[in-house]
Every structure is written in structure tokens, then in C-alpha cells.
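**Student:** What follows is target-v3.cif, made up of mmCIF, C-alpha atoms:
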data_coords
#
loop_
_atom_site.label_atom_id
_atom_site.label_comp_id
_atom_site.auth_asym_id
_atom_site.auth_seq_id
_atom_site.Cartn_x
_atom_site.Cartn_y
_atom_site.Cartn_z
CA MET A 30 24.46 -5.28 -11.24
CA ARG A 31 22.82 -3.29 -8.46
CA ASP A 32 19.68 -4.24 -6.57
CA ASP A 33 16.99 -1.87 -5.27
CA THR A 34 19.18 -0.87 -2.31
CA GLY A 35 22.10 0.06 -4.55
CA ALA A 36 24.20 -2.92 -3.49
CA ASP A 37 26.42 -4.63 -6.05
CA VAL A 38 25.21 -8.18 -6.73
CA PRO A 39 27.75 -10.50 -8.40
CA VAL A 40 25.12 -12.66 -10.09
CA ARG A 41 26.34 -15.99 -11.38
CA ARG A 42 25.16 -16.87 -14.87
CA PRO A 43 23.16 -18.85 -15.63
CA VAL A 44 20.98 -18.64 -12.54
CA ARG A 45 19.71 -22.16 -11.87
CA ARG A 46 19.24 -22.24 -8.09
CA VAL A 47 17.41 -19.53 -6.13
CA VAL A 48 16.42 -19.23 -2.47
CA SER A 49 13.63 -16.80 -1.64
CA LEU A 50 13.28 -15.17 1.77
CA VAL A 51 9.92 -13.47 1.08
CA PRO A 52 6.52 -15.10 0.34
CA SER A 53 5.70 -12.60 -2.43
CA LEU A 54 8.99 -13.24 -4.20
CA THR A 55 8.61 -16.98 -3.76
CA GLU A 56 5.29 -16.91 -5.60
CA THR A 57 6.77 -14.58 -8.20
CA LEU A 58 9.56 -17.02 -9.04
CA ALA A 59 7.48 -20.19 -8.73
CA VAL A 60 4.94 -18.88 -11.24
CA THR A 61 7.52 -17.36 -13.59
CA ALA A 62 10.17 -20.09 -13.64
CA PRO A 63 9.03 -23.40 -12.11
CA GLY A 64 12.01 -25.41 -10.94
CA LEU A 65 14.27 -22.41 -10.29
CA LEU A 66 13.50 -22.25 -6.57
CA VAL A 67 15.38 -24.63 -4.30
CA GLY A 68 14.56 -23.00 -0.95
CA ALA A 69 11.96 -20.75 0.66
CA THR A 70 10.81 -19.66 4.11
CA ASP A 71 8.31 -21.50 6.26
CA TRP A 72 5.87 -18.63 5.59
CA CYS A 73 5.92 -19.08 1.81
CA SER A 74 2.42 -20.45 1.25
CA HIS A 75 1.93 -19.89 -2.50
CA PRO A 76 1.77 -21.83 -4.65
CA ALA A 77 0.20 -24.41 -2.37
CA ASP A 78 2.11 -27.30 -3.95
CA LEU A 79 5.54 -25.69 -3.61
CA ASP A 80 8.05 -28.45 -2.86
CA VAL A 81 11.38 -26.90 -1.81
CA VAL A 82 13.65 -26.94 1.23
CA ARG A 83 12.30 -24.70 3.99
CA VAL A 84 14.81 -22.34 5.61
CA LYS A 85 12.82 -21.05 8.61
CA GLY A 86 11.37 -17.53 8.71
CA THR A 87 11.93 -14.15 7.11
CA LYS A 88 13.35 -12.72 10.34
CA ASN A 89 15.30 -15.81 11.42
CA PRO A 90 16.46 -17.64 8.30
CA ASP A 91 18.64 -20.72 8.69
CA LEU A 92 21.81 -19.34 7.13
CA ASP A 93 23.62 -22.68 7.23
CA ALA A 94 20.75 -24.36 5.40
CA ILE A 95 20.74 -21.61 2.79
CA ARG A 96 24.48 -21.93 2.18
CA ALA A 97 24.17 -25.72 1.96
CA LEU A 98 21.73 -25.31 -0.93
CA GLU A 99 24.51 -23.56 -2.90
CA PRO A 100 22.19 -21.00 -4.47
CA ASP A 101 23.25 -18.91 -7.42
CA LEU A 102 21.10 -16.15 -5.95
CA VAL A 103 19.11 -15.36 -2.82
CA VAL A 104 16.25 -12.86 -3.15
CA GLY A 105 14.88 -10.80 -0.28
CA ASN A 106 13.23 -7.55 0.71
CA ALA A 107 14.53 -4.61 2.70
CA GLU A 108 11.44 -4.50 4.93
CA GLU A 109 11.04 -8.22 5.48
CA ASN A 110 14.62 -9.38 5.99
CA ARG A 111 17.22 -8.29 8.55
CA VAL A 112 20.42 -6.51 7.53
CA PRO A 113 22.70 -8.80 9.61
CA ASP A 114 21.35 -11.91 7.87
CA VAL A 115 21.85 -10.40 4.42
CA ALA A 116 25.36 -9.26 5.38
CA ALA A 117 26.26 -12.73 6.67
CA LEU A 118 25.17 -14.38 3.43
CA ARG A 119 27.11 -11.89 1.34
CA ALA A 120 30.18 -12.34 3.53
CA ALA A 121 29.94 -16.08 2.83
CA GLY A 122 30.03 -15.39 -0.90
CA VAL A 123 26.31 -15.85 -1.54
CA PRO A 124 24.88 -13.26 -3.98
CA VAL A 125 21.78 -11.57 -2.51
CA TRP A 126 19.35 -9.43 -4.51
CA MET A 127 17.31 -7.15 -2.24
CA THR A 128 14.06 -5.53 -3.32
CA ASP A 129 12.68 -2.35 -1.73
CA ILE A 130 9.01 -1.91 -2.58
CA ARG A 131 6.79 0.93 -1.31
CA THR A 132 4.28 1.49 -4.17
CA VAL A 133 2.44 -0.45 -6.86
CA ALA A 134 4.49 1.23 -9.59
CA GLY A 135 7.64 0.48 -7.61
CA ALA A 136 6.61 -3.18 -7.28
CA LEU A 137 6.10 -3.58 -11.02
CA ALA A 138 9.48 -2.01 -11.78
CA SER A 139 11.32 -3.86 -9.02
CA LEU A 140 9.96 -7.29 -9.99
CA ARG A 141 10.80 -6.66 -13.62
CA ARG A 142 14.41 -5.86 -12.70
CA MET A 143 14.74 -8.78 -10.29
CA LEU A 144 13.46 -11.28 -12.86
CA ALA A 145 15.22 -9.88 -15.93
CA GLU A 146 18.48 -8.49 -14.52
CA GLY A 147 18.83 -10.55 -11.38
CA CYS A 148 17.64 -13.94 -12.59
CA GLY A 149 18.16 -13.55 -16.34
CA LEU A 150 14.55 -14.48 -17.11
CA PRO A 151 12.19 -13.16 -19.81
CA VAL A 152 9.65 -10.68 -18.48
CA PRO A 153 6.54 -12.78 -17.73
CA GLY A 154 3.16 -12.02 -19.21
CA TRP A 155 1.50 -11.78 -15.81
CA LEU A 156 3.63 -8.73 -15.00
CA ASP A 157 2.18 -6.86 -17.99
CA ASP A 158 -1.29 -8.12 -17.01
CA ALA A 159 -0.79 -6.64 -13.54
CA ALA A 160 0.25 -3.28 -14.95
CA ARG A 161 -2.85 -3.20 -17.16
CA ALA A 162 -5.12 -4.25 -14.29
CA TRP A 163 -3.95 -1.40 -12.08
CA ALA A 164 -3.98 1.15 -14.91
CA ALA A 165 -7.61 0.26 -15.64
CA CYS A 166 -8.78 0.31 -12.02
CA PRO A 167 -10.76 3.49 -11.23
CA PRO A 168 -10.65 4.75 -7.64
CA GLY A 169 -13.76 4.22 -5.59
CA PRO A 170 -15.50 6.93 -3.55
CA PRO A 171 -13.01 8.78 -1.34
CA ARG A 172 -12.85 7.42 2.20
CA ARG A 173 -10.54 7.77 5.20
CA ALA A 174 -9.48 4.58 6.90
CA VAL A 175 -7.47 3.16 9.73
CA VAL A 176 -5.71 -0.04 8.68
CA PRO A 177 -4.66 -2.28 11.57
CA VAL A 178 -2.09 -4.97 10.87
CA TRP A 179 -1.88 -6.29 14.44
CA ARG A 180 -3.67 -6.19 17.78
CA ARG A 181 -2.41 -6.63 21.34
CA PRO A 182 -0.90 -4.11 20.83
CA TRP A 183 -2.74 -2.35 18.03
CA MET A 184 -0.46 -1.52 15.10
CA VAL A 185 -1.58 0.22 11.93
CA LEU A 186 -0.25 1.26 8.55
CA GLY A 187 1.72 4.49 8.81
CA ARG A 188 3.79 6.33 6.25
CA ASP A 189 5.33 5.07 3.04
CA THR A 190 3.90 1.54 2.80
CA PHE A 191 3.03 -0.60 -0.19
CA ALA A 192 -0.39 -1.43 1.26
CA GLY A 193 -1.06 2.26 1.81
CA ASP A 194 -0.39 2.98 -1.86
CA VAL A 195 -2.62 0.08 -2.88
CA LEU A 196 -5.51 1.55 -0.90
CA ALA A 197 -4.84 5.11 -2.12
CA ARG A 198 -5.24 3.89 -5.71
CA LEU A 199 -8.67 2.56 -4.70
CA GLY A 200 -9.77 5.88 -3.19
CA VAL A 201 -8.99 5.00 0.44
CA ALA A 202 -6.79 7.48 2.28
CA ASN A 203 -4.83 6.13 5.24
CA VAL A 204 -5.49 8.32 8.28
CA TYR A 205 -1.96 7.67 9.55
CA ALA A 206 -0.13 8.12 6.25
CA GLY A 207 1.64 11.14 7.70
CA HIS A 208 2.82 9.41 10.86
CA ALA A 209 6.57 9.43 11.52
CA GLU A 210 6.63 5.64 11.78
CA ARG A 211 5.75 3.15 9.06
CA TYR A 212 3.86 0.83 11.44
CA PRO A 213 3.01 2.85 14.55
CA ARG A 214 1.42 1.49 17.69
CA ILE A 215 -1.73 3.51 18.34
CA PRO A 216 -4.04 3.04 21.35
CA LEU A 217 -7.49 1.79 20.40
CA ASP A 218 -9.26 4.84 21.77
CA GLU A 219 -7.13 7.05 19.51
CA LEU A 220 -7.94 4.88 16.50
CA ASN A 221 -11.63 5.27 17.19
CA ALA A 222 -11.23 9.03 17.59
CA SER A 223 -9.13 9.46 14.43
CA GLY A 224 -11.97 10.70 12.23
CA ALA A 225 -11.87 7.65 9.97
CA ASP A 226 -15.04 6.51 8.24
CA LEU A 227 -13.78 3.00 7.57
CA VAL A 228 -11.56 0.34 9.14
CA VAL A 229 -9.76 -2.01 6.76
CA LEU A 230 -8.92 -5.38 8.34
CA PRO A 231 -6.65 -7.75 6.39
CA ASP A 232 -6.34 -11.44 7.26
CA GLU A 233 -2.55 -11.22 7.58
CA PRO A 234 -0.16 -10.70 9.27
CA TYR A 235 -2.83 -10.73 12.00
CA ALA A 236 -5.75 -12.91 10.98
CA PHE A 237 -8.63 -10.47 11.44
CA THR A 238 -12.05 -12.05 10.90
CA ALA A 239 -15.69 -11.03 11.17
CA ASP A 240 -15.56 -12.14 14.81
CA ASP A 241 -12.12 -10.77 15.65
CA GLY A 242 -11.53 -7.12 14.88
CA PRO A 243 -14.71 -5.28 13.82
CA GLU A 244 -16.10 -5.32 17.39
CA ALA A 245 -13.22 -3.04 18.47
CA PHE A 246 -14.53 -0.27 16.20
CA PRO A 247 -18.20 0.22 17.17
CA GLY A 248 -20.14 2.23 14.62
CA LEU A 249 -17.31 2.11 12.09
CA PRO A 250 -17.87 0.03 8.93
CA ALA A 251 -15.28 -2.72 8.52
CA ALA A 252 -13.87 -4.01 5.24
CA LEU A 253 -12.41 -7.49 5.65
CA VAL A 254 -9.85 -7.98 2.89
CA SER A 255 -7.29 -10.52 1.76
CA GLY A 256 -3.89 -9.72 3.18
CA ARG A 257 -2.32 -11.35 0.14
CA TYR A 258 -4.06 -8.92 -2.19
CA LEU A 259 -3.33 -5.95 0.07
CA THR A 260 0.30 -6.58 0.98
CA TRP A 261 1.82 -9.04 -1.52
CA TYR A 262 3.62 -7.95 -4.68
CA GLY A 263 3.83 -10.60 -7.37
CA PRO A 264 1.25 -12.54 -9.43
CA SER A 265 -1.38 -11.54 -6.85
CA LEU A 266 -1.15 -8.02 -8.30
CA VAL A 267 -3.19 -9.20 -11.28
CA GLY A 268 -6.33 -9.97 -9.27
CA ALA A 269 -5.80 -7.51 -6.45
CA PRO A 270 -7.53 -4.42 -7.95
CA ALA A 271 -10.82 -6.20 -8.63
CA ALA A 272 -10.80 -8.22 -5.41
CA LEU A 273 -10.03 -5.27 -3.14
CA ALA A 274 -12.39 -2.92 -4.97
CA GLY A 275 -15.14 -5.50 -4.58
CA ALA A 276 -14.51 -5.90 -0.85
CA LEU A 277 -14.55 -2.13 -0.35
CA ALA A 278 -17.71 -1.68 -2.45
CA ARG A 279 -19.61 -4.11 -0.22
CA VAL A 280 -19.09 -1.84 2.81
CA ARG A 281 -21.75 0.78 3.35
CA PRO A 282 -20.48 4.31 4.04
CA SER A 283 -20.61 5.31 7.70
CA SER A 284 -22.85 7.96 9.16
CA PRO A 285 -21.15 11.25 10.14
CA ARG A 286 -19.27 10.75 13.40
#
Would you mind writing the file out in C-alpha cells?
**Tutor:**
Amino acid sequence: MRDDTGADVPVRRPVRRVVSLVPSLTETLAVTAPGLLVGATDWCSHPADLDVVRVKGTKNPDLDAIRALEPDLVVGNAEENRVPDVAALRAAGVPVWMTDIRTVAGALASLRRMLAEGCGLPVPGWLDDAARAWAACPPGPPRRAVVPVWRRPWMVLGRDTFAGDVLARLGVANVYAGHAERYPRIPLDELNASGADLVVLPDEPYAFTADDGPEAFPGLPAALVSGRYLTWYGPSLVGAPAALAGALARVRPSSPR
């Protein structure tokens, strides 16, 4: 079998023990097949009662701990996890299934393949619910936004990102969608001069709040949104269209700048 990156994955059947290196995939597996997960990163926060061995972070996983768990499969993501870590696990004989997700449609297809082909699981009902939710979600009024994901320094969504596609489906065009980098560092004065009529501030990876973020964009309406709904792919896709559309609808359009 081949994963999203085209790598051969010698999956052991049946798959009974899985380690996840990405919060989205952890929630995906925990909801779909409770008991299948034996390890996850320290950042895997959903479901809240997840009781598995923690293997440090997405960028610095404890490879020895992962191998000690004797997983039938490790699942990861090309953006979240480092190539050397994946290579080391594969060299040790651990099968690794890598996802590569840049769009909502790509997420639905990738998760279906990972669950069905990678893990040998039936396609869960929530995946079809997510597809219907996004198909039924009309775009809101067209707006142009800057979408910071970090400050000190300021970093924003650039080209070819999952979150950018999520917003585009809701009528929000990312001002920096054509940038050469996927997460460029842009000086604050340039962000404010970008011609955007909205700033979208998620609560992760940087925890933007009403008191930390909007003040940097005077005169620009701010939409505070759930980072899980904006950037996670998994069961959160079911509620994401309505939640994000609601958050965007509560923001009054800006005056011409």
C-alpha cells in the first residue's frame, strides 16, 4: 500500500496497535476505533479522556518509546512531522503511514484511505457527515483576510494550506495565498497595509484572544475562531462549517480603508 506521499507502507494485518503523531489523527482514530491507539503526542488533546502513552511532541517524538510500544502502524502528517524521524522509524521496521492534507476535499479522501486501507477499518459515519456538512455550507459574503498563526514574530497563512482552503469555502480569501512560502513572516506594518478587510485570529497554535491580537490591527474587524475547527482534519470537520461561519457572521464588515 502507498500513503499520501507515495511511500510503500508494509501494513501488518490485523492492525491492533497504532501510535499517532498528529492531534487531528489521534482524534480521528480515537473516535473511529476506541482502543486502537496505544500512543500519542503530548499535544493530542482530544478526546479529553484519552488514556495512552505519551511520546513527546510532533517535532521531537520519543522514537525509543514509540518502538517500545511495538505498534502495527504509526500515523503522521507531512507538514507536522519531520522527515528524519519518519525515516528512523521506517529503518527500525516500524510501518509509518503519512498523510499530506492541503484542502477539505483532500482531508476527506486522505482520512478515508488512512482508515480503510491503512488501518483496515470500516469507513465511519462521521466522515460522511463531514462531507455532507461541507457540501451544504454556502459561502458567506466575500472578504479578504490576513490570518496570523503566530506573533513575535508575526507569521500568517500563505500558499497551499488546509486552513486557507477552509476559509475560501466560507467566502474568505487569504491575502497571502499567493505568497511563495506557506507560512511567511510578515512585518506588522505590512499586514496592516495589505488591503485586508478582516483579520482572522485562531486560538492555536498561538492562543490569540480578545485581549491579545486584535489590538495589533486597529480599525480592522477581528474574527476570533477555534483553531481546532480551522486547522484540524478529523471529526471536527463535522461541526467546523457551522462554527466558523457563525464566528465570521458575527464580525461587522469594515469601512473602506
**Student:** Here is a test: counting only C-alpha atoms, which residue of A:Gly193, A:Gly200, A:Pro170, A:Pro216 is nearest to A:Arg281?
**Tutor:**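 Nearest candidate to A:Arg281 out of A:Gly193, A:Gly200, A:Pro170, A:Pro216: A:Pro170.
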**Student:** List the spatial neighbours of A:Leu253 as an MDAnalysis selection string - criterion: any atom at most 10 Å away, all atoms listed in the file, same-chain residues fewer than 2 positions off excluded.
**Tutor:** chainID A and resid 228:232 237:239 242:243 250:251 255:256 273 276:277 279:280
**Student:** Counting all atoms listed in the file, what is within 12 Å of A:Ala62, bar same-chain residues fewer than 2 positions away, as a count of residues only?
**Tutor:** 23
**Student:** For stretch 226-240 of chain A, what centre and edge lengths in Å (one decimal) does the axis-aligned box get once 8 Å is added on each side of all its listed atoms, as lines of an AutoDock Vina configuration file?
**Tutor:**
center_x = -7.9
center_y = -3.2
center_z = 10.6
size_x = 31.5
size_y = 35.4
size_z = 24.4
**Student:** From the options A:Val38, A:Asn221, A:Tyr235, A:Asn203, which residue's atoms come nearest to A:Arg181, counting only C-alpha atoms?
**Tutor:** A:Tyr235
**Student:** Can you list, as a count of residues only, every protein, DNA or RNA residue that comes within 9 Å of A:Asp33 when you count all atoms listed in the file, leaving out same-chain residues fewer than 4 positions away?
**Tutor:** 9
**Student:** Extract, using all atoms listed in the file, all DNA, RNA and protein residues at most 10 Å from A:Leu92, discarding same-chain residues fewer than 6 positions from it, and format them as a PyMOL selection string.
**Tutor:** chain A and resi 84-85+114-115+117-118+121
